[in-house]
Amino acid sequence: MRIVKNTKIDFIKYFKSAIALSAILILTGVFSLISNKGPKLSIDFNGGTLIAVQYNKEINLNSIRTALKEIEINGQIFDFSKSEIKNFGNTAAVSLRIANLEKEPENFSESLINILKQIYPNNIPDNLDDFVLSIEKVGPKIGSELSGKALMAIVYAILLILIYISIRFEFIYAIGAIAAIFHDVIITLGIFSILGYEISLAIIAAFLTIVGYSLNDTIVIFDRIRENMKTLKRQDVSEIVNQSINESLSRTVVTSLTTLFVVLTLYLFGGNVLQYFSFAMIIGVLVGTYSSIFIASNIVVYMNKKS
Amino acid sequence: MQNNNTTPRYIIIIVILSWALYNIWPTIKYNNLTSDEKENLLSEGKLEKLESNIIRQGLDLKGGMYIVLEADIPTLIKNLATNRSDKFDKAFETALAKFNADQNQSFFEIFKEEILISKIKLARHYHEYGSNLEEIISSLQNESEDAINRVLEILQNRVDQFGVSEPTIQKQGNYRILVELAGVQNSNRARALLQSTALLEFYLVKNNAETSEILNQLDELIKNTVNKEELKELSSNISTSNNDDTSNLDNSDNDVATVDDIFGETIENINDSTESNTNLLSDSPIQALIDFVSGGMIVNNKNFYALKKLISKNSVQEKLRSVSGTFLFSNESEIIPGLGKEKYYKLFYLEDKPELTGGVVEKAKANLGSLGGGNAGLPVVSLDMNAEGSKAWSRITGSNIGERIAIVLDGKVHMAPNIREKIPGGRTQIEGFADLNEAKDIAIILRAGALPAPINIIEERTVGPSLGADSIEYGKKSIVIALALVFIFMFIYYKLSGAIANFALIWNILIILAVLASLGATLTLPGIAGLILTVGMCIDSNVIIFERIREELNKGKTPKSAIESGYNRAITTIIDANLTTVIASLVLYQFGTGPIKGFATVLFWGIIISMFTAVYITRTIFYTITKKSINKLSI
């Protein structure tokens with residue numbers, strides 16, 4: 001069985017429209033990022049408290065919001081009605097996210113859980129252990145440290161990859177690959193921003209995996225280009241690139257499909273915790289496949305012609 | 001490379017596959033054990049050995065608590081200083097503020113700078129630590145490192161006695177300690193156990209006349225120094241029960257006394273209207289927040305924060321220092337009989353120097369108070385002091401008969417009994433616990449000793465058991481479905497060759513699990529995600545190879561030579577593509593914390609192993625197939 005067989009698509013012809021499409025996608029994402037004042041960071045980076053609890057029947061989020069309008073913990077009055085309150089996986093589960101407070105009462109998260117219990121005292125699971133799904137508390141210090149570390153991770157990864165490709169191929173290939181990576185990450189970041197999804201530590205891991213995947217794709221095509229450059233010396237660079245893309249197209253499609261099966265499965269069946277991670281991966285696989293053909297190879301053609 | 005003898009290849013493969021099975025076996029066995037069988041193994045002492053060889057589940061899968069604690073080095077340094085002057089305090093505060101603003105700098109560097117700027121002779125405050133600045137700073141640094149190591153030991157001790165299976169306690173960086181407690185749900189209790197400094201102190205309680213005097217003086221002071229706006233803000237949520245209680249007093253026959261009864265002084269009559277709160281506060285800000293009962297001073301839960309804030313004001317603290325007194329609250333708020341459903345803290349006015357500290361505790365044991373005593377049936381902690389402590393305790397109790405002594409743990413008063421007689425044996429009991437568990441925990445921390453430096457929780461993640469169980473369920477389900485989809489696709493698309501790739505894929509997963517088991521690594525949810533992702537990567541290698549073989553076949557090559565050149569050409573592509581992902585996973589491992597590290601570990605090993613399974617194993621199988629020359633390859 002074959003999905004793609006001996007294609008002779010003229011990819012070079014579409015390069016200009018591809019640039020335009022990418023530009024639109026990137027600009028939309030960047031516009032959203034700017035208007036949202038940067039990506040929406042999870043408590044991993046911003047610090048704060050995140051509590052998720054499970055009631056035994058569907059819960060009206062607004063009633064929780066109202067109940068949190070004025071609560072008292074140890075003589076301090078708080079208004080958490082403007083905090084982020086949303087469903088956690090199912091409609092009977094609720095998560096509450098509160099930013100770090102300047103003067104946090106002792107045992108703050110337990111007090112909050114008690115308050116959440118009292119809002120629907122009759123809808124608590126029989127086994128109290130089942131009520132609390134998770135408590136996460138990240139101090140401001142840890143948050144800023146983690147952002148620093150994540151940034152470093154991305155910078156180092158890109159630097160090392162740049163060096164590796166420059167050694168194995170040529171510098172212009174490294175430029176093409178890195179451009180494709182940025183393209184993929186910015187578009188995924190933009191989509192997260194438009195949808196209002198949070199960037200957590202797990203999403204950073206997803207981004208780095210996207211980087212790895214996109215590179216994988218790019219390098220397979222580059223390998224073909226390098227090989228064909230040796231055998232077809234007389235031909236025009238854009239023809240060689242076009243032929244290389246066509247030759248590896250079957251592999252690109254099959255691999256993208258199998259990987260998509262996997263990440264789609266994760267998205268659909270992986271549960272609430274992996275949902276955003278796998279969503280990032282789905283976007284990454286699609287954009288990564290596209291960028292290795294239309295961005296990375298495109299840049300190699302352009303830079304080759306220039307020199 | 002055309003090698004017709006495949007025996008060496010099979011030997012290598014069989015050795016590796018057997019090793020994998022051998023390493024996975026304990027995990028499979030463990031997961032199939034019934035709880036009865038586990039009991040049996042436990043009694044035979046074999047369970048622990050089996051458990052040490054299995055793939056452990058992360059906290060996100062089995063539920064539990066992950067806590068990062070950080071030693072409060074600035075406070076430690078401040079506590080070590082003697083003869084602190086205002087100038088020193090000021091320099092210290094500035095250094096602390098700078099440190100809090102920029103956590104990346106070492107506190108010692110900032111502190112040193114500030115000391116230099118304010119021209120303080122450090123030897124005056126740290127004469128035990130050296131004679132010049134450099135010397136003192138470096139020995140303070142050593143002292144801090146030493147302190148964190150002792151903290152680590154003490155925490156280990158506490159957690160061991162707490163009774164959690166396989167706790168993880170390890171140092172992270174210079175001043176941090178990471179604690180993982182599997183299966184712990186009561187985070188309150190665990191947190192108290194870890195964070196409690198366990199500083200036990202005995203303070204004399206100041207008498208009523210002194211208390212009354214200081215309250216009046218402080219009210220006067222606050223009236224003059226704190227502006228009305230601020231008082232108004234503080235009063236916005238204070239309890240009005242104060243007034244109600246006083247009016248109830250006349251009708252009901254409870255043991256609530258007025259301030260007159262206790263201190264023999266009169267404060268202005270309390271107006272009953274709620275608007276008077278502000279007036280009340282501006283007249284006698286502190287006393288308005290306190291209720292006076294025959295047992296002493298109590299503070300409504302709702303006034304707790306406001307009162308604490310007033311007391312912590314600099315002017316108030318200064319005043320308290322000048323009369324060497326200090327205010328402390330009881331450890332927990334409670335319902336006072338006769339005062340309705342509201343909860344109250346007890347407030348104590350104490351001498352500011354402790355008579356005795358907890359270093360003298362030799363034994364601590366929690367039990368229920370014996371019959372006949374005043375605390376019959378209540379949880380208590382019985383202490384035995386060492387010789388030095390016994391001597392001091394007997395002297396203190398002997399010379400203060402009739403006075404009250406407050407037993408203070410971590411700055412909170414547990415009880416303040418009257419000293420009835422001299423206590424010679426160095427024995428005493430502490431009361432004031434919510435339940436026996438709390439008493440037990442306190443006994444544990446008293447036995448383990450006080451922490452040399454205060455520690456703060458800077459990160460905490462608790463996963464409930466049901467969420468963990470869900471995650472395992474979802475993880476298993478996704479793996480099975482993803483594998484099934486990939487298997488079916490590969491078989492349809494590449495026929496027999498696809499089946500060979502599938503076979504290699506199964507081994508890829510098994511070997512990864514075996515490596516995890518032998519490394520003693522923990523499988524977390526991100527780890528499962530990494531495993532699933534590896535499935536994609538592993539299949540990709542085979543896709544690259546098969547597409548090449550198809551190309552070669554199209555060129556008219558025989559199956560045998562098509563396979564040969566297909567593998568040879570694909571291998572460079574596969575290595576290039578995989579190495580970049582290995583780079584990414586190494587960087588992730590280096591910079592990542594807990595969950596990300598788990599993901600990176602699995603990804604790293606998954607790719608390395610996929611080179612063996614997807615390339616080496618499949619190639620060997622193809623060699624065997626093409627040994628007899630065949631005309632057609634099922635691909």
# chains A, B, ... in the order shown; residues from 1 in each chain; ligands from 1
$ residues_around --residues "B:Pro167" --least-positions-apart "2" --cutoff "10 Å" --atoms "only C-alpha atoms" --output "count of residues only"
13
$ residues_around --residues "stretch 190-199 of chain A" --least-positions-apart "5" --cutoff "9 Å" --atoms "only C-alpha atoms" --output "list in words"
Leu25, Ile26, Leu27, Thr28, Gly29, Val30, Phe31, Ser32, Leu33, Asn36, Gly38, Pro39, Lys40, Leu41, Ser42, Asp44, Phe45, Val185, Ile204, Tyr276, Ala280 and Ile283 of chain A
$ write_last_selection --atoms "N, CA and C atoms" --output "PDB file, in the first residue's frame"
ATOM      1  N   LEU A  25       0.259  33.541  10.032  1.00  0.00           N
ATOM      2  CA  LEU A  25       0.131  32.761  11.266  1.00  0.00           C
ATOM      3  C   LEU A  25       0.968  33.358  12.396  1.00  0.00           C
ATOM      4  N   ILE A  26       2.218  33.695  12.037  1.00  0.00           N
ATOM      5  CA  ILE A  26       3.113  34.232  13.066  1.00  0.00           C
ATOM      6  C   ILE A  26       2.622  35.582  13.555  1.00  0.00           C
ATOM      7  N   LEU A  27       2.222  36.442  12.612  1.00  0.00           N
ATOM      8  CA  LEU A  27       1.784  37.781  13.015  1.00  0.00           C
ATOM      9  C   LEU A  27       0.533  37.714  13.889  1.00  0.00           C
ATOM     10  N   THR A  28      -0.413  36.820  13.526  1.00  0.00           N
ATOM     11  CA  THR A  28      -1.610  36.676  14.340  1.00  0.00           C
ATOM     12  C   THR A  28      -1.226  36.256  15.762  1.00  0.00           C
ATOM     13  N   GLY A  29      -0.333  35.270  15.843  1.00  0.00           N
ATOM     14  CA  GLY A  29       0.115  34.790  17.149  1.00  0.00           C
ATOM     15  C   GLY A  29       0.806  35.886  17.935  1.00  0.00           C
ATOM     16  N   VAL A  30       1.715  36.585  17.264  1.00  0.00           N
ATOM     17  CA  VAL A  30       2.462  37.635  17.954  1.00  0.00           C
ATOM     18  C   VAL A  30       1.518  38.748  18.394  1.00  0.00           C
ATOM     19  N   PHE A  31       0.556  39.071  17.542  1.00  0.00           N
ATOM     20  CA  PHE A  31      -0.419  40.097  17.916  1.00  0.00           C
ATOM     21  C   PHE A  31      -1.169  39.682  19.180  1.00  0.00           C
ATOM     22  N   SER A  32      -1.598  38.426  19.213  1.00  0.00           N
ATOM     23  CA  SER A  32      -2.303  37.927  20.392  1.00  0.00           C
ATOM     24  C   SER A  32      -1.402  37.962  21.621  1.00  0.00           C
ATOM     25  N   LEU A  33      -0.144  37.573  21.422  1.00  0.00           N
ATOM     26  CA  LEU A  33       0.809  37.582  22.542  1.00  0.00           C
ATOM     27  C   LEU A  33       0.997  38.995  23.077  1.00  0.00           C
ATOM     28  N   ASN A  36      -2.123  40.188  24.838  1.00  0.00           N
ATOM     29  CA  ASN A  36      -2.305  39.501  26.132  1.00  0.00           C
ATOM     30  C   ASN A  36      -1.141  39.755  27.078  1.00  0.00           C
ATOM     31  N   GLY A  38       2.130  39.024  26.727  1.00  0.00           N
ATOM     32  CA  GLY A  38       2.979  37.835  26.859  1.00  0.00           C
ATOM     33  C   GLY A  38       2.157  36.585  27.043  1.00  0.00           C
ATOM     34  N   PRO A  39       2.815  35.433  26.999  1.00  0.00           N
ATOM     35  CA  PRO A  39       2.072  34.179  27.162  1.00  0.00           C
ATOM     36  C   PRO A  39       1.499  34.061  28.568  1.00  0.00           C
ATOM     37  N   LYS A  40       0.421  33.321  28.666  1.00  0.00           N
ATOM     38  CA  LYS A  40      -0.204  33.127  29.976  1.00  0.00           C
ATOM     39  C   LYS A  40       0.577  32.044  30.714  1.00  0.00           C
ATOM     40  N   LEU A  41       1.228  32.430  31.812  1.00  0.00           N
ATOM     41  CA  LEU A  41       2.102  31.493  32.501  1.00  0.00           C
ATOM     42  C   LEU A  41       1.361  30.780  33.621  1.00  0.00           C
ATOM     43  N   SER A  42       1.682  29.526  33.820  1.00  0.00           N
ATOM     44  CA  SER A  42       1.054  28.758  34.895  1.00  0.00           C
ATOM     45  C   SER A  42       1.734  29.105  36.209  1.00  0.00           C
ATOM     46  N   ASP A  44       3.650  27.404  37.792  1.00  0.00           N
ATOM     47  CA  ASP A  44       5.035  26.949  37.773  1.00  0.00           C
ATOM     48  C   ASP A  44       5.986  28.132  37.621  1.00  0.00           C
ATOM     49  N   PHE A  45       5.561  29.106  36.823  1.00  0.00           N
ATOM     50  CA  PHE A  45       6.432  30.247  36.563  1.00  0.00           C
ATOM     51  C   PHE A  45       6.005  31.496  37.320  1.00  0.00           C
ATOM     52  N   VAL A 185       7.752  27.024  17.094  1.00  0.00           N
ATOM     53  CA  VAL A 185       7.496  27.377  18.489  1.00  0.00           C
ATOM     54  C   VAL A 185       6.642  28.641  18.579  1.00  0.00           C
ATOM     55  N   ILE A 204       6.476  23.417  28.324  1.00  0.00           N
ATOM     56  CA  ILE A 204       7.859  23.678  27.897  1.00  0.00           C
ATOM     57  C   ILE A 204       8.489  22.378  27.388  1.00  0.00           C
ATOM     58  N   TYR A 276      -3.152  19.277  27.653  1.00  0.00           N
ATOM     59  CA  TYR A 276      -2.525  20.429  27.012  1.00  0.00           C
ATOM     60  C   TYR A 276      -1.180  20.055  26.401  1.00  0.00           C
ATOM     61  N   ALA A 280      -0.353  20.599  22.446  1.00  0.00           N
ATOM     62  CA  ALA A 280       0.836  21.277  21.918  1.00  0.00           C
ATOM     63  C   ALA A 280       1.549  20.379  20.910  1.00  0.00           C
ATOM     64  N   ILE A 283      -0.272  20.297  17.437  1.00  0.00           N
ATOM     65  CA  ILE A 283       0.071  21.489  16.669  1.00  0.00           C
ATOM     66  C   ILE A 283       1.508  21.373  16.161  1.00  0.00           C
TER      67      ILE A 283
END
$ residues_around --residues "A:Phe222" --least-positions-apart "6" --cutoff "10 Å" --atoms "only C-alpha atoms" --output "PDB file with C-alpha atoms, in the first residue's frame"
ATOM      1  CA  ILE A 165      23.999  20.773  12.140  1.00  0.00           C
ATOM      2  CA  PHE A 169      25.942  19.778   7.133  1.00  0.00           C
ATOM      3  CA  TYR A 173      21.396  24.345   6.748  1.00  0.00           C
ATOM      4  CA  GLY A 176      17.266  26.894   7.866  1.00  0.00           C
ATOM      5  CA  ALA A 177      16.667  24.384  10.647  1.00  0.00           C
ATOM      6  CA  LEU A 215      14.340  18.951  13.450  1.00  0.00           C
ATOM      7  CA  ASN A 216      13.972  15.253  12.854  1.00  0.00           C
ATOM      8  CA  ASN A 228      21.542  14.529  -4.148  1.00  0.00           C
ATOM      9  CA  VAL A 241      15.829  20.558  -3.243  1.00  0.00           C
ATOM     10  CA  SER A 244      14.774  15.710  -2.471  1.00  0.00           C
ATOM     11  CA  ILE A 245      11.508  16.842  -0.910  1.00  0.00           C
ATOM     12  CA  SER A 248      11.378  11.878   1.054  1.00  0.00           C
ATOM     13  CA  SER A 292      10.569  21.329   7.312  1.00  0.00           C
ATOM     14  CA  ILE A 293       9.350  21.448   3.715  1.00  0.00           C
ATOM     15  CA  ALA A 296      13.784  25.046   6.249  1.00  0.00           C
ATOM     16  CA  SER A 297      14.240  23.870   2.648  1.00  0.00           C
ATOM     17  CA  VAL A 300      18.432  26.630   2.063  1.00  0.00           C
TER      18      VAL A 300
ATOM     19  CA  THR B 573      19.667   9.885   8.224  1.00  0.00           C
ATOM     20  CA  ASP B 576      21.424  12.546  12.357  1.00  0.00           C
TER      21      ASP B 576
END
$ closest_atom_pairs --of "chain A" --to "chain B" --cutoff "7 Å" --atoms "only C-alpha atoms" --output "tab-separated table"
residue	atom	partner	partner_atom	distance
A:Met1	CA	B:Tyr493	CA	5.1
A:Arg2	CA	B:Tyr493	CA	6.9
A:Asn74	CA	B:Asn301	CA	5.7
A:Gly75	CA	B:Lys302	CA	3.8
A:Gln76	CA	B:Tyr305	CA	6.1
A:Asn107	CA	B:Asn188	CA	6.8
A:Asp129	CA	B:Gly464	CA	6.9
A:Asp130	CA	B:Ser466	CA	5.7
A:Val132	CA	B:Gly464	CA	5.8
A:Leu133	CA	B:Gly464	CA	4.6
A:Ser134	CA	B:Val463	CA	4.4
A:Ile135	CA	B:Thr462	CA	4.9
A:Glu136	CA	B:Arg461	CA	4.3
A:Lys137	CA	B:Glu460	CA	4.9
A:Val138	CA	B:Glu459	CA	4.5
A:Gly139	CA	B:Ile458	CA	4.8
A:Ile142	CA	B:Ile458	CA	6.8
A:Lys149	CA	B:Phe591	CA	5.9
A:Ala153	CA	B:Phe591	CA	5.8
A:Tyr156	CA	B:Val587	CA	7.0
A:Ala157	CA	B:Ala584	CA	5.6
A:Ile161	CA	B:Thr580	CA	6.3
A:Ala202	CA	B:Ile596	CA	6.8
A:Ala205	CA	B:Ile596	CA	6.4
A:Leu208	CA	B:Ala584	CA	6.6
A:Gly212	CA	B:Thr581	CA	4.7
A:Asn216	CA	B:Ala577	CA	4.5
A:Ile219	CA	B:Ala577	CA	5.8
A:Val220	CA	B:Thr573	CA	5.7
A:Asp223	CA	B:Thr573	CA	6.0
A:Arg251	CA	B:Ile544	CA	5.9
A:Thr255	CA	B:Asp540	CA	5.4
A:Thr258	CA	B:Val486	CA	6.2
A:Thr259	CA	B:Gly536	CA	5.0
A:Phe261	CA	B:Ala482	CA	6.5
A:Val262	CA	B:Ala482	CA	5.0
A:Thr265	CA	B:Ser478	CA	5.8
A:Leu266	CA	B:Ser478	CA	5.6
A:Phe269	CA	B:Ser478	CA	5.5
A:Gly270	CA	B:Tyr474	CA	4.9
A:Gly271	CA	B:Tyr474	CA	5.6
$ write_last_selection --atoms "C-alpha atoms" --output "PDB file, in the first residue's frame"
ATOM      1  CA  MET A   1       0.000   0.000   0.000  1.00  0.00           C
ATOM      2  CA  ARG A   2       1.195   3.512  -0.784  1.00  0.00           C
ATOM      3  CA  ASN A  74      -7.872  33.820  60.513  1.00  0.00           C
ATOM      4  CA  GLY A  75      -9.269  37.320  60.640  1.00  0.00           C
ATOM      5  CA  GLN A  76      -8.104  38.266  57.161  1.00  0.00           C
ATOM      6  CA  ASN A 107      -2.200  26.448  56.237  1.00  0.00           C
ATOM      7  CA  ASP A 129      -9.579  11.382  50.333  1.00  0.00           C
ATOM      8  CA  ASP A 130     -11.268  11.558  46.959  1.00  0.00           C
ATOM      9  CA  VAL A 132      -8.852  16.743  46.991  1.00  0.00           C
ATOM     10  CA  LEU A 133      -7.470  15.992  43.536  1.00  0.00           C
ATOM     11  CA  SER A 134      -4.352  18.072  43.825  1.00  0.00           C
ATOM     12  CA  ILE A 135      -2.771  20.980  45.613  1.00  0.00           C
ATOM     13  CA  GLU A 136       0.080  22.865  44.043  1.00  0.00           C
ATOM     14  CA  LYS A 137       1.840  25.717  45.683  1.00  0.00           C
ATOM     15  CA  VAL A 138       4.801  27.443  44.120  1.00  0.00           C
ATOM     16  CA  GLY A 139       6.586  30.250  45.906  1.00  0.00           C
ATOM     17  CA  ILE A 142      10.791  29.025  42.596  1.00  0.00           C
ATOM     18  CA  LYS A 149      15.843  27.553  33.766  1.00  0.00           C
ATOM     19  CA  ALA A 153      17.062  25.078  28.380  1.00  0.00           C
ATOM     20  CA  TYR A 156      21.141  25.805  25.101  1.00  0.00           C
ATOM     21  CA  ALA A 157      19.154  23.300  23.073  1.00  0.00           C
ATOM     22  CA  ILE A 161      21.625  21.893  17.649  1.00  0.00           C
ATOM     23  CA  ALA A 202       4.931  20.312  30.925  1.00  0.00           C
ATOM     24  CA  ALA A 205       8.730  19.984  27.674  1.00  0.00           C
ATOM     25  CA  LEU A 208      11.264  21.044  23.299  1.00  0.00           C
ATOM     26  CA  GLY A 212      13.190  17.732  18.382  1.00  0.00           C
ATOM     27  CA  ASN A 216      13.972  15.253  12.854  1.00  0.00           C
ATOM     28  CA  ILE A 219      17.154  16.671   8.845  1.00  0.00           C
ATOM     29  CA  VAL A 220      15.661  13.763   6.938  1.00  0.00           C
ATOM     30  CA  ASP A 223      20.079  14.415   4.309  1.00  0.00           C
ATOM     31  CA  ARG A 251       8.446   9.012   4.587  1.00  0.00           C
ATOM     32  CA  THR A 255       5.874   9.348   9.928  1.00  0.00           C
ATOM     33  CA  THR A 258       1.918   7.602  12.825  1.00  0.00           C
ATOM     34  CA  THR A 259       3.088  10.325  15.200  1.00  0.00           C
ATOM     35  CA  PHE A 261      -2.007   8.760  15.745  1.00  0.00           C
ATOM     36  CA  VAL A 262       0.055   8.663  18.891  1.00  0.00           C
ATOM     37  CA  THR A 265      -4.525   9.160  21.255  1.00  0.00           C
ATOM     38  CA  LEU A 266      -2.774  10.967  24.087  1.00  0.00           C
ATOM     39  CA  PHE A 269      -7.461   9.341  26.148  1.00  0.00           C
ATOM     40  CA  GLY A 270      -4.569  10.724  28.174  1.00  0.00           C
ATOM     41  CA  GLY A 271      -6.783  12.427  30.710  1.00  0.00           C
TER      42      GLY A 271
END
$ atom_distance --atom1 "atom CA of B:Phe202" --atom2 "atom CA of B:Ile444"
18.9 Å
$ residues_around --residues "A:Leu96" --least-positions-apart "3" --cutoff "12 Å" --atoms "only C-alpha atoms" --output "VMD selection string"
chain A and resid 43 48 to 54 61 64 to 65 68 80 to 88 93 99 109 112 to 113 115 to 116 132 to 137
$ residues_around --residues "B:Gln217" --least-positions-apart "4" --cutoff "12 Å" --atoms "only C-alpha atoms" --output "mmCIF file with N, CA and C atoms, in the first residue's frame"
data_model
loop_
_atom_site.group_PDB
_atom_site.id
_atom_site.type_symbol
_atom_site.label_atom_id
_atom_site.label_comp_id
_atom_site.auth_asym_id
_atom_site.auth_seq_id
_atom_site.Cartn_x
_atom_site.Cartn_y
_atom_site.Cartn_z
ATOM 1 N N GLU B 210 1.306 44.076 85.722
ATOM 2 C CA GLU B 210 2.204 44.423 84.615
ATOM 3 C C GLU B 210 1.458 44.380 83.280
ATOM 4 N N THR B 211 0.615 43.355 83.133
ATOM 5 C CA THR B 211 -0.137 43.192 81.889
ATOM 6 C C THR B 211 -1.049 44.379 81.658
ATOM 7 N N SER B 212 -1.779 44.727 82.720
ATOM 8 C CA SER B 212 -2.721 45.825 82.617
ATOM 9 C C SER B 212 -1.990 47.109 82.254
ATOM 10 N N GLU B 213 -0.825 47.304 82.875
ATOM 11 C CA GLU B 213 -0.070 48.535 82.643
ATOM 12 C C GLU B 213 0.383 48.621 81.186
ATOM 13 N N LEU B 221 0.132 54.637 73.171
ATOM 14 C CA LEU B 221 1.160 54.742 72.142
ATOM 15 C C LEU B 221 0.562 54.657 70.736
ATOM 16 N N ILE B 222 -0.310 53.683 70.550
ATOM 17 C CA ILE B 222 -0.874 53.471 69.219
ATOM 18 C C ILE B 222 -1.782 54.628 68.839
ATOM 19 N N LYS B 223 -2.533 55.096 69.814
ATOM 20 C CA LYS B 223 -3.425 56.233 69.549
ATOM 21 C C LYS B 223 -2.635 57.410 69.005
ATOM 22 N N ASN B 224 -1.430 57.567 69.540
ATOM 23 C CA ASN B 224 -0.640 58.728 69.145
ATOM 24 C C ASN B 224 0.185 58.512 67.895
ATOM 25 N N SER B 284 -9.018 52.804 72.521
ATOM 26 C CA SER B 284 -8.119 51.809 73.115
ATOM 27 C C SER B 284 -7.938 50.692 72.105
ATOM 28 N N PRO B 285 -7.099 50.969 71.118
ATOM 29 C CA PRO B 285 -7.019 50.075 69.953
ATOM 30 C C PRO B 285 -6.731 48.624 70.328
ATOM 31 N N ILE B 286 -5.833 48.429 71.250
ATOM 32 C CA ILE B 286 -5.459 47.054 71.543
ATOM 33 C C ILE B 286 -6.495 46.361 72.410
ATOM 34 N N GLN B 287 -6.909 47.033 73.469
ATOM 35 C CA GLN B 287 -7.851 46.378 74.378
ATOM 36 C C GLN B 287 -9.199 46.107 73.722
ATOM 37 N N SER B 315 7.001 50.554 66.782
ATOM 38 C CA SER B 315 6.936 51.311 68.020
ATOM 39 C C SER B 315 6.505 50.412 69.173
ATOM 40 N N VAL B 316 5.556 49.513 68.874
ATOM 41 C CA VAL B 316 5.068 48.605 69.905
ATOM 42 C C VAL B 316 6.174 47.654 70.335
ATOM 43 N N LYS B 319 8.666 49.386 72.484
ATOM 44 C CA LYS B 319 8.128 49.584 73.841
ATOM 45 C C LYS B 319 8.234 48.279 74.639
ATOM 46 N N LEU B 320 7.857 47.168 73.966
ATOM 47 C CA LEU B 320 7.883 45.873 74.637
ATOM 48 C C LEU B 320 9.310 45.510 75.042
ATOM 49 N N VAL B 323 10.489 47.103 78.262
ATOM 50 C CA VAL B 323 10.024 46.513 79.523
ATOM 51 C C VAL B 323 10.272 45.009 79.535
#
$ select_by_dssp --residues "stretch 31-223 of chain A" --states "alpha helix (DSSP H)" --output "VMD selection string"
chain A and resid 31 to 35 43 to 46 61 to 67 108 to 119 140 to 168 171 to 195 201 to 223
$ closest_residue --among "A:Ser307, A:Gln118, A:Thr252, A:Thr188" --to "A:Ile221" --atoms "only C-alpha atoms"
A:Thr252
$ atom_distance --atom1 "atom CA of B:Arg321" --atom2 "atom CA of B:Trp393"
25.3 Å
$ atom_distance --atom1 "atom CA of B:Thr618" --atom2 "atom CA of B:Phe604"
20.7 Å
$ residues_around --residues "stretch 15-27 of chain B" --least-positions-apart "5" --cutoff "6 Å" --atoms "only C-alpha atoms" --output "list in words"
Ile54, Ile511 and Ala514 of chain B
$ closest_residue --among "A:Thr66, A:Ser144, A:Ser256, A:Asn298" --to "A:Ala180" --atoms "only C-alpha atoms"
A:Asn298
